[in-house]
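File shown: protein.pdb. Contents: PDB, C-alpha atoms.
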```pdb
MODEL        1
ATOM      1  CA  MET A 247      -4.526   8.762  19.021
ATOM      2  CA  LYS A 248      -6.355   6.209  16.905
ATOM      3  CA  HIS A 249      -8.220   7.380  13.834
ATOM      4  CA  PRO A 250     -11.134   5.341  12.520
ATOM      5  CA  THR A 251     -11.045   5.104   8.763
ATOM      6  CA  PRO A 252     -14.032   5.428   6.434
ATOM      7  CA  ALA A 253     -15.215   2.082   5.067
ATOM      8  CA  ALA A 254     -15.815   3.145   1.478
ATOM      9  CA  SER A 255     -15.083   6.462  -0.122
ATOM     10  CA  HIS A 256     -17.174   5.834  -3.222
ATOM     11  CA  ALA A 257     -20.945   5.516  -3.038
ATOM     12  CA  SER A 258     -21.188   2.407  -5.242
ATOM     13  CA  ALA A 259     -18.162   0.682  -3.741
ATOM     14  CA  ARG A 260     -18.246  -2.305  -1.421
ATOM     15  CA  PRO A 261     -16.518  -1.933   1.935
ATOM     16  CA  ALA A 262     -12.767  -2.007   1.529
ATOM     17  CA  LEU A 263     -10.871  -5.247   2.213
ATOM     18  CA  LEU A 264      -8.344  -3.036   3.970
ATOM     19  CA  ASP A 265     -10.931  -2.488   6.724
ATOM     20  CA  ARG A 266     -10.828  -6.225   7.520
ATOM     21  CA  VAL A 267      -7.130  -6.268   8.399
ATOM     22  CA  LEU A 268      -6.551  -2.707   9.637
ATOM     23  CA  PRO A 269      -9.777  -0.866  10.532
ATOM     24  CA  GLU A 270      -7.978   1.747  12.651
ATOM     25  CA  ALA A 271      -4.796   3.605  11.820
ATOM     26  CA  ASP A 272      -2.384   5.792  13.718
ATOM     27  CA  PHE A 273      -0.906   6.981  10.407
ATOM     28  CA  ARG A 274      -2.615   7.078   7.046
ATOM     29  CA  SER A 275      -2.168   8.327   3.492
ATOM     30  CA  ARG A 276      -4.471   8.003   0.512
ATOM     31  CA  TYR A 277      -3.809   8.942  -3.098
ATOM     32  CA  THR A 278      -6.311   8.642  -5.926
ATOM     33  CA  ARG A 279      -6.358   9.023  -9.671
ATOM     34  CA  ARG A 280      -9.235   9.107 -12.109
ATOM     35  CA  VAL A 281      -8.566   6.890 -15.094
ATOM     36  CA  LYS A 282     -10.251   7.062 -18.497
ATOM     37  CA  ALA A 283     -10.627   3.305 -18.735
ATOM     38  CA  GLU A 284     -13.007   0.648 -17.464
ATOM     39  CA  PRO A 285     -12.196  -0.964 -14.099
ATOM     40  CA  ALA A 286     -11.149  -4.269 -15.744
ATOM     41  CA  ALA A 287      -8.537  -2.470 -17.855
ATOM     42  CA  VAL A 288      -7.246  -0.553 -14.816
ATOM     43  CA  TRP A 289      -7.027  -3.751 -12.755
ATOM     44  CA  ASP A 290      -5.161  -5.504 -15.549
ATOM     45  CA  ALA A 291      -2.754  -2.562 -15.802
ATOM     46  CA  LEU A 292      -2.059  -2.762 -12.058
ATOM     47  CA  MET A 293      -1.515  -6.505 -12.151
ATOM     48  CA  THR A 294       0.931  -6.309 -15.077
ATOM     49  CA  LEU A 295       2.812  -3.161 -14.049
ATOM     50  CA  THR A 296       6.555  -3.735 -13.787
ATOM     51  CA  ALA A 297       9.121  -2.139 -11.527
ATOM     52  CA  GLU A 298      11.026  -1.088 -14.650
ATOM     53  CA  GLU A 299       8.153   1.331 -15.421
ATOM     54  CA  LEU A 300       8.796   3.107 -12.107
ATOM     55  CA  PRO A 301      12.275   4.693 -12.215
ATOM     56  CA  VAL A 302      11.689   7.066  -9.281
ATOM     57  CA  SER A 303      10.273   4.304  -7.082
ATOM     58  CA  ARG A 304      13.167   1.992  -7.889
ATOM     59  CA  ARG A 305      15.704   4.650  -6.926
ATOM     60  CA  LEU A 306      13.907   5.580  -3.705
ATOM     61  CA  MET A 307      13.518   1.937  -2.612
ATOM     62  CA  ALA A 308      17.203   1.257  -3.309
ATOM     63  CA  LEU A 309      18.150   4.374  -1.339
ATOM     64  CA  ARG A 310      15.922   3.382   1.616
ATOM     65  CA  SER A 311      17.448  -0.093   1.757
ATOM     66  CA  GLY A 312      21.039   1.061   1.331
ATOM     67  CA  GLY A 313      21.131  -0.707  -2.029
ATOM     68  CA  ARG A 314      19.937  -4.062  -0.662
ATOM     69  CA  THR A 315      16.551  -3.852  -2.428
ATOM     70  CA  ARG A 316      16.475  -3.710  -6.208
ATOM     71  CA  LEU A 317      12.946  -3.809  -7.545
ATOM     72  CA  SER A 318      12.595  -5.640 -10.830
ATOM     73  CA  GLY A 319       9.945  -7.610 -12.657
ATOM     74  CA  PRO A 320       6.218  -7.534 -11.878
ATOM     75  CA  LEU A 321       5.706  -4.817  -9.272
ATOM     76  CA  LEU A 322       3.240  -6.688  -7.100
ATOM     77  CA  GLU A 323       5.601  -9.665  -6.831
ATOM     78  CA  ALA A 324       8.649  -7.467  -6.155
ATOM     79  CA  PHE A 325       6.915  -5.287  -3.582
ATOM     80  CA  PRO A 326       8.424  -5.843  -0.097
ATOM     81  CA  ALA A 327       5.147  -6.858   1.569
ATOM     82  CA  ARG A 328       3.066 -10.003   1.171
ATOM     83  CA  THR A 329      -0.481 -10.138  -0.145
ATOM     84  CA  LEU A 330      -3.011 -10.439   2.678
ATOM     85  CA  LEU A 331      -6.311 -10.193   0.800
ATOM     86  CA  ARG A 332      -7.432  -9.959  -2.796
ATOM     87  CA  ASP A 333     -10.788  -9.336  -4.446
ATOM     88  CA  GLU A 334     -10.034 -10.027  -8.098
ATOM     89  CA  GLY A 335     -10.731  -6.979 -10.226
ATOM     90  CA  THR A 336     -11.338  -4.684  -7.269
ATOM     91  CA  GLU A 337      -8.774  -4.618  -4.462
ATOM     92  CA  LEU A 338      -5.419  -5.995  -3.406
ATOM     93  CA  VAL A 339      -4.144  -5.596   0.171
ATOM     94  CA  LYS A 340      -0.506  -6.169   1.124
ATOM     95  CA  GLY A 341       0.805  -5.994   4.646
ATOM     96  CA  LYS A 342       3.837  -6.288   6.855
ATOM     97  CA  ILE A 343       4.553  -6.016  10.560
ATOM     98  CA  ALA A 344       7.971  -4.634  11.394
ATOM     99  CA  LYS A 345      10.091  -2.156  13.271
ATOM    100  CA  PHE A 346      10.301   0.039  10.191
ATOM    101  CA  TRP A 347      12.178   2.805  11.979
ATOM    102  CA  ARG A 348      15.333   0.711  12.235
ATOM    103  CA  LEU A 349      18.067   1.044   9.610
ATOM    104  CA  ARG A 350      17.412  -2.607   8.732
ATOM    105  CA  PRO A 351      13.724  -3.099   9.601
ATOM    106  CA  GLU A 352      13.112  -6.167  11.728
ATOM    107  CA  GLY A 353      10.097  -8.281  10.725
ATOM    108  CA  ALA A 354       7.656  -9.526  13.328
ATOM    109  CA  PRO A 355       7.476 -13.196  14.288
ATOM    110  CA  VAL A 356       4.296 -13.898  12.288
ATOM    111  CA  GLU A 357       3.610 -15.873   9.141
ATOM    112  CA  PRO A 358       3.965 -13.385   6.239
ATOM    113  CA  GLY A 359       0.815 -13.138   4.146
ATOM    114  CA  ASP A 360      -1.520 -14.618   6.775
ATOM    115  CA  PRO A 361      -4.373 -12.109   7.228
ATOM    116  CA  GLY A 362      -5.544 -13.731  10.472
ATOM    117  CA  ALA A 363      -2.083 -13.573  12.027
ATOM    118  CA  PHE A 364      -1.667  -9.997  10.789
ATOM    119  CA  THR A 365      -4.959  -8.884  12.335
ATOM    120  CA  ALA A 366      -4.466 -10.759  15.623
ATOM    121  CA  PHE A 367      -0.888  -9.570  16.222
ATOM    122  CA  THR A 368      -0.713  -7.282  19.285
ATOM    123  CA  GLU A 369       2.797  -7.727  20.699
ATOM    124  CA  PRO A 370       4.064  -4.329  21.944
ATOM    125  CA  GLY A 371       6.758  -2.443  20.053
ATOM    126  CA  TRP A 372       5.716  -3.040  16.438
ATOM    127  CA  ALA A 373       4.028  -1.263  13.532
ATOM    128  CA  LYS A 374       1.470  -3.019  11.341
ATOM    129  CA  ALA A 375       1.441  -1.520   7.833
ATOM    130  CA  ALA A 376      -1.160  -2.368   5.208
ATOM    131  CA  LEU A 377      -1.362  -1.050   1.650
ATOM    132  CA  SER A 378      -4.430  -1.205  -0.535
ATOM    133  CA  LEU A 379      -4.679  -0.784  -4.288
ATOM    134  CA  ARG A 380      -8.349  -0.436  -5.183
ATOM    135  CA  VAL A 381     -10.280   0.131  -8.409
ATOM    136  CA  VAL A 382     -13.915   1.278  -8.421
ATOM    137  CA  PRO A 383     -16.196   2.402 -11.266
ATOM    138  CA  ASP A 384     -16.326   6.174 -11.677
ATOM    139  CA  GLY A 385     -18.758   7.360 -14.344
ATOM    140  CA  PRO A 386     -17.416   6.237 -17.715
ATOM    141  CA  GLY A 387     -14.023   5.428 -16.207
ATOM    142  CA  SER A 388     -12.493   4.314 -12.924
ATOM    143  CA  LEU A 389     -11.108   5.650  -9.705
ATOM    144  CA  LEU A 390      -7.802   4.081  -8.695
ATOM    145  CA  ALA A 391      -6.795   4.476  -5.036
ATOM    146  CA  PHE A 392      -3.598   3.647  -3.150
ATOM    147  CA  GLU A 393      -4.122   3.783   0.601
ATOM    148  CA  THR A 394      -1.569   3.120   3.319
ATOM    149  CA  ARG A 395      -2.499   2.577   6.949
ATOM    150  CA  VAL A 396      -0.184   1.979   9.873
ATOM    151  CA  HIS A 397      -1.273   0.890  13.320
ATOM    152  CA  CYS A 398       1.330   0.778  16.070
ATOM    153  CA  THR A 399       0.863  -1.812  18.789
ATOM    154  CA  ASP A 400       1.700   0.519  21.687
ATOM    155  CA  ALA A 401       2.600   4.095  22.634
ATOM    156  CA  PHE A 402       6.345   3.427  22.356
ATOM    157  CA  ALA A 403       5.994   2.184  18.767
ATOM    158  CA  ARG A 404       3.844   5.235  17.889
ATOM    159  CA  ARG A 405       6.520   7.565  19.317
ATOM    160  CA  VAL A 406       9.387   5.973  17.392
ATOM    161  CA  PHE A 407       7.373   5.436  14.213
ATOM    162  CA  ALA A 408       6.162   9.059  14.000
ATOM    163  CA  PRO A 409       9.546  10.575  12.963
ATOM    164  CA  TYR A 410      10.038   7.724  10.475
ATOM    165  CA  TRP A 411       6.594   8.437   8.982
ATOM    166  CA  LEU A 412       7.467  12.118   8.604
ATOM    167  CA  LEU A 413      10.790  11.215   6.992
ATOM    168  CA  ILE A 414       9.337   8.809   4.442
ATOM    169  CA  ARG A 415       6.423  11.148   3.664
ATOM    170  CA  ALA A 416       8.887  13.974   2.976
ATOM    171  CA  GLY A 417      11.424  11.652   1.393
ATOM    172  CA  GLY A 418       9.400   9.989  -1.297
ATOM    173  CA  ALA A 419       6.630   7.628  -0.163
ATOM    174  CA  GLY A 420       4.079   9.915  -1.791
ATOM    175  CA  PHE A 421       6.136  10.062  -5.001
ATOM    176  CA  ILE A 422       6.179   6.263  -5.119
ATOM    177  CA  ARG A 423       2.411   6.059  -4.766
ATOM    178  CA  LEU A 424       1.793   8.772  -7.345
ATOM    179  CA  GLU A 425       4.207   7.143  -9.785
ATOM    180  CA  ILE A 426       2.437   3.775  -9.409
ATOM    181  CA  LEU A 427      -0.985   5.363  -9.948
ATOM    182  CA  GLY A 428       0.258   7.331 -12.962
ATOM    183  CA  ALA A 429       1.979   4.379 -14.618
ATOM    184  CA  ALA A 430      -1.076   2.140 -14.128
ATOM    185  CA  ALA A 431      -3.379   4.865 -15.488
ATOM    186  CA  ARG A 432      -1.236   5.396 -18.597
ATOM    187  CA  ARG A 433      -1.039   1.675 -19.231
ATOM    188  CA  ALA A 434      -4.848   1.252 -18.817
ATOM    189  CA  GLU A 435      -5.690   4.262 -20.994
ATOM    190  CA  ARG A 436      -3.368   3.038 -23.775
ATOM    191  CA  SER A 437      -5.088  -0.355 -23.780
ATOM    192  CA  SER A 438      -8.617   1.093 -23.878
TER     193      SER A 438
ENDMDL
END
```
Could you write out this structure as structure tokens?
Amino acid sequence: MKHPTPAASHASARPALLDRVLPEADFRSRYTRRVKAEPAAVWDALMTLTAEELPVSRRLMALRSGGRTRLSGPLLEAFPARTLLRDEGTELVKGKIAKFWRLRPEGAPVEPGDPGAFTAFTEPGWAKAALSLRVVPDGPGSLLAFETRVHCTDAFARRVFAPYWLLIRAGGAGFIRLEILGAAARRAERSS
């Protein structure tokens, strides 16, 4: 069953870039954190965050990949998905199309990082995952959001992706998102 997603969850916010590449999702998670810093400071913190500041995330990613993935350096460069869209100071969207449920996920035959190819891809048997990091003004501070949406290209992909989604949700995907939000918030608040 497809679930439409709300365009903007904050009254003063522009529509999310995420809506351009993945307006509907079969699976979705959203984590937020209020930050006592101006949006520019929060954005800067996100853009300069390093994988070394995320010990739990590094361990979980290494575990998921059987040790093949070792995150290091700037997080947004090390992250295993390409940037699709970016609104400087507001939102960054990364995305990947793959058969994530496989032990070694197989990537789709599309140009990584091409938002048009990502959006247009409809070949059966795949899952399209998009992640958004978004900063919006919130009173004297900011609201930082990390949203993940997954749209499967057919019923078979939804059936095989569903157990994987449950496994990663229980096994640490939420911890990774919360750790990223927390580390960015601490970094922004220290600089303010």
key: Point-to-point distance from atom CA of Glu357 of chain A to atom CA of Lys374 of chain A, Å rounded to tenths   =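 These two atoms are separated by 13.2 Å.
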At a cut-off of 10 Å from (6.1, 8.2, 8.1) in the coordinates of the file, what residues are picked up using only C-alpha atoms, written as a PDB file with C-alpha atoms, in the coordinates of the input?
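Written file, out.pdb:
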```
ATOM      1  CA  PHE A 273      -0.906   6.981  10.407  1.00  0.00           C
ATOM      2  CA  ARG A 274      -2.615   7.078   7.046  1.00  0.00           C
ATOM      3  CA  SER A 275      -2.168   8.327   3.492  1.00  0.00           C
ATOM      4  CA  PHE A 346      10.301   0.039  10.191  1.00  0.00           C
ATOM      5  CA  TRP A 347      12.178   2.805  11.979  1.00  0.00           C
ATOM      6  CA  VAL A 396      -0.184   1.979   9.873  1.00  0.00           C
ATOM      7  CA  PHE A 407       7.373   5.436  14.213  1.00  0.00           C
ATOM      8  CA  ALA A 408       6.162   9.059  14.000  1.00  0.00           C
ATOM      9  CA  PRO A 409       9.546  10.575  12.963  1.00  0.00           C
ATOM     10  CA  TYR A 410      10.038   7.724  10.475  1.00  0.00           C
ATOM     11  CA  TRP A 411       6.594   8.437   8.982  1.00  0.00           C
ATOM     12  CA  LEU A 412       7.467  12.118   8.604  1.00  0.00           C
ATOM     13  CA  LEU A 413      10.790  11.215   6.992  1.00  0.00           C
ATOM     14  CA  ILE A 414       9.337   8.809   4.442  1.00  0.00           C
ATOM     15  CA  ARG A 415       6.423  11.148   3.664  1.00  0.00           C
ATOM     16  CA  ALA A 416       8.887  13.974   2.976  1.00  0.00           C
ATOM     17  CA  GLY A 417      11.424  11.652   1.393  1.00  0.00           C
ATOM     18  CA  ALA A 419       6.630   7.628  -0.163  1.00  0.00           C
TER      19      ALA A 419
END
```
inquiry  = Since I can't run it myself right now, could you work out what the PyMOL selection byres ((chain A and resi 438) around 10) selects here and report it as a ChimeraX atom specification?
reply    = /A:282-284,287-288,433-437
May I have the centre and edge lengths, in Å to one decimal, of an axis-aligned box around the listed atoms of segment 411-424 of chain A with 8 Å added to every side, as lines of an AutoDock Vina configuration file?
```
center_x = 6.6
center_y = 10.0
center_z = 0.8
size_x = 25.6
size_y = 23.9
size_z = 32.3
```
key: Point-to-point distance in Å for atom CA of Ala375 of chain A and atom CA of Lys342 of chain A   = 5.4 Å
Any chance you could build segment 326-357 of chain A out to N, CA and C atoms and write it as an mmCIF file, in the coordinates of the input?
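And here's part-v4.cif as it stands now:
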```
data_model
loop_
_atom_site.group_PDB
_atom_site.id
_atom_site.type_symbol
_atom_site.label_atom_id
_atom_site.label_comp_id
_atom_site.auth_asym_id
_atom_site.auth_seq_id
_atom_site.Cartn_x
_atom_site.Cartn_y
_atom_site.Cartn_z
ATOM 1 N N PRO A 326 7.922 -5.224 -1.332
ATOM 2 C CA PRO A 326 8.424 -5.843 -0.097
ATOM 3 C C PRO A 326 7.373 -6.072 0.994
ATOM 4 N N ALA A 327 6.194 -6.484 0.614
ATOM 5 C CA ALA A 327 5.147 -6.858 1.569
ATOM 6 C C ALA A 327 4.324 -7.956 0.905
ATOM 7 N N ARG A 328 3.836 -8.878 1.706
ATOM 8 C CA ARG A 328 3.066 -10.003 1.171
ATOM 9 C C ARG A 328 1.591 -9.652 0.998
ATOM 10 N N THR A 329 0.951 -10.323 0.066
ATOM 11 C CA THR A 329 -0.481 -10.138 -0.145
ATOM 12 C C THR A 329 -1.243 -10.760 1.018
ATOM 13 N N LEU A 330 -2.161 -9.966 1.592
ATOM 14 C CA LEU A 330 -3.011 -10.439 2.678
ATOM 15 C C LEU A 330 -4.399 -10.819 2.163
ATOM 16 N N LEU A 331 -4.971 -9.967 1.325
ATOM 17 C CA LEU A 331 -6.311 -10.193 0.800
ATOM 18 C C LEU A 331 -6.374 -9.715 -0.648
ATOM 19 N N ARG A 332 -7.279 -10.346 -1.391
ATOM 20 C CA ARG A 332 -7.432 -9.959 -2.796
ATOM 21 C C ARG A 332 -8.867 -10.212 -3.226
ATOM 22 N N ASP A 333 -9.473 -9.215 -3.825
ATOM 23 C CA ASP A 333 -10.788 -9.336 -4.446
ATOM 24 C C ASP A 333 -10.539 -9.063 -5.923
ATOM 25 N N GLU A 334 -10.441 -10.132 -6.691
ATOM 26 C CA GLU A 334 -10.034 -10.027 -8.098
ATOM 27 C C GLU A 334 -10.837 -8.956 -8.831
ATOM 28 N N GLY A 335 -10.111 -8.050 -9.454
ATOM 29 C CA GLY A 335 -10.731 -6.979 -10.226
ATOM 30 C C GLY A 335 -11.065 -5.737 -9.433
ATOM 31 N N THR A 336 -10.925 -5.812 -8.103
ATOM 32 C CA THR A 336 -11.338 -4.684 -7.269
ATOM 33 C C THR A 336 -10.262 -4.181 -6.313
ATOM 34 N N GLU A 337 -9.699 -5.088 -5.499
ATOM 35 C CA GLU A 337 -8.774 -4.618 -4.462
ATOM 36 C C GLU A 337 -7.731 -5.674 -4.117
ATOM 37 N N LEU A 338 -6.532 -5.175 -3.852
ATOM 38 C CA LEU A 338 -5.419 -5.995 -3.406
ATOM 39 C C LEU A 338 -4.857 -5.336 -2.147
ATOM 40 N N VAL A 339 -4.685 -6.123 -1.078
ATOM 41 C CA VAL A 339 -4.144 -5.596 0.171
ATOM 42 C C VAL A 339 -2.865 -6.350 0.503
ATOM 43 N N LYS A 340 -1.784 -5.607 0.714
ATOM 44 C CA LYS A 340 -0.506 -6.169 1.124
ATOM 45 C C LYS A 340 -0.210 -5.648 2.527
ATOM 46 N N GLY A 341 0.525 -6.440 3.291
ATOM 47 C CA GLY A 341 0.805 -5.994 4.646
ATOM 48 C C GLY A 341 2.092 -6.569 5.198
ATOM 49 N N LYS A 342 2.603 -5.867 6.198
ATOM 50 C CA LYS A 342 3.837 -6.288 6.855
ATOM 51 C C LYS A 342 3.847 -5.708 8.262
ATOM 52 N N ILE A 343 4.371 -6.486 9.189
ATOM 53 C CA ILE A 343 4.553 -6.016 10.560
ATOM 54 C C ILE A 343 6.052 -5.963 10.807
ATOM 55 N N ALA A 344 6.525 -4.786 11.213
ATOM 56 C CA ALA A 344 7.971 -4.634 11.394
ATOM 57 C C ALA A 344 8.277 -3.448 12.296
ATOM 58 N N LYS A 345 9.551 -3.347 12.604
ATOM 59 C CA LYS A 345 10.091 -2.156 13.271
ATOM 60 C C LYS A 345 10.731 -1.351 12.147
ATOM 61 N N PHE A 346 9.888 -0.661 11.407
ATOM 62 C CA PHE A 346 10.301 0.039 10.191
ATOM 63 C C PHE A 346 11.319 1.141 10.449
ATOM 64 N N TRP A 347 11.318 1.679 11.637
ATOM 65 C CA TRP A 347 12.178 2.805 11.979
ATOM 66 C C TRP A 347 13.641 2.411 12.114
ATOM 67 N N ARG A 348 13.939 1.155 12.144
ATOM 68 C CA ARG A 348 15.333 0.711 12.235
ATOM 69 C C ARG A 348 16.005 0.784 10.862
ATOM 70 N N LEU A 349 17.322 0.970 10.861
ATOM 71 C CA LEU A 349 18.067 1.044 9.610
ATOM 72 C C LEU A 349 17.807 -0.191 8.754
ATOM 73 N N ARG A 350 17.814 -1.354 9.386
ATOM 74 C CA ARG A 350 17.412 -2.607 8.732
ATOM 75 C C ARG A 350 16.163 -3.092 9.453
ATOM 76 N N PRO A 351 14.972 -2.758 8.901
ATOM 77 C CA PRO A 351 13.724 -3.099 9.601
ATOM 78 C C PRO A 351 13.648 -4.585 9.973
ATOM 79 N N GLU A 352 13.270 -4.807 11.209
ATOM 80 C CA GLU A 352 13.112 -6.167 11.728
ATOM 81 C C GLU A 352 11.665 -6.597 11.539
ATOM 82 N N GLY A 353 11.442 -7.758 10.921
ATOM 83 C CA GLY A 353 10.097 -8.281 10.725
ATOM 84 C C GLY A 353 9.583 -8.964 11.972
ATOM 85 N N ALA A 354 8.284 -8.905 12.157
ATOM 86 C CA ALA A 354 7.656 -9.526 13.328
ATOM 87 C C ALA A 354 7.615 -11.045 13.187
ATOM 88 N N PRO A 355 7.526 -11.737 14.311
ATOM 89 C CA PRO A 355 7.476 -13.196 14.288
ATOM 90 C C PRO A 355 6.066 -13.714 13.962
ATOM 91 N N VAL A 356 5.598 -13.410 12.765
ATOM 92 C CA VAL A 356 4.296 -13.898 12.288
ATOM 93 C C VAL A 356 4.475 -14.440 10.878
ATOM 94 N N GLU A 357 3.571 -15.304 10.485
ATOM 95 C CA GLU A 357 3.610 -15.873 9.141
ATOM 96 C C GLU A 357 3.288 -14.772 8.122
#
```
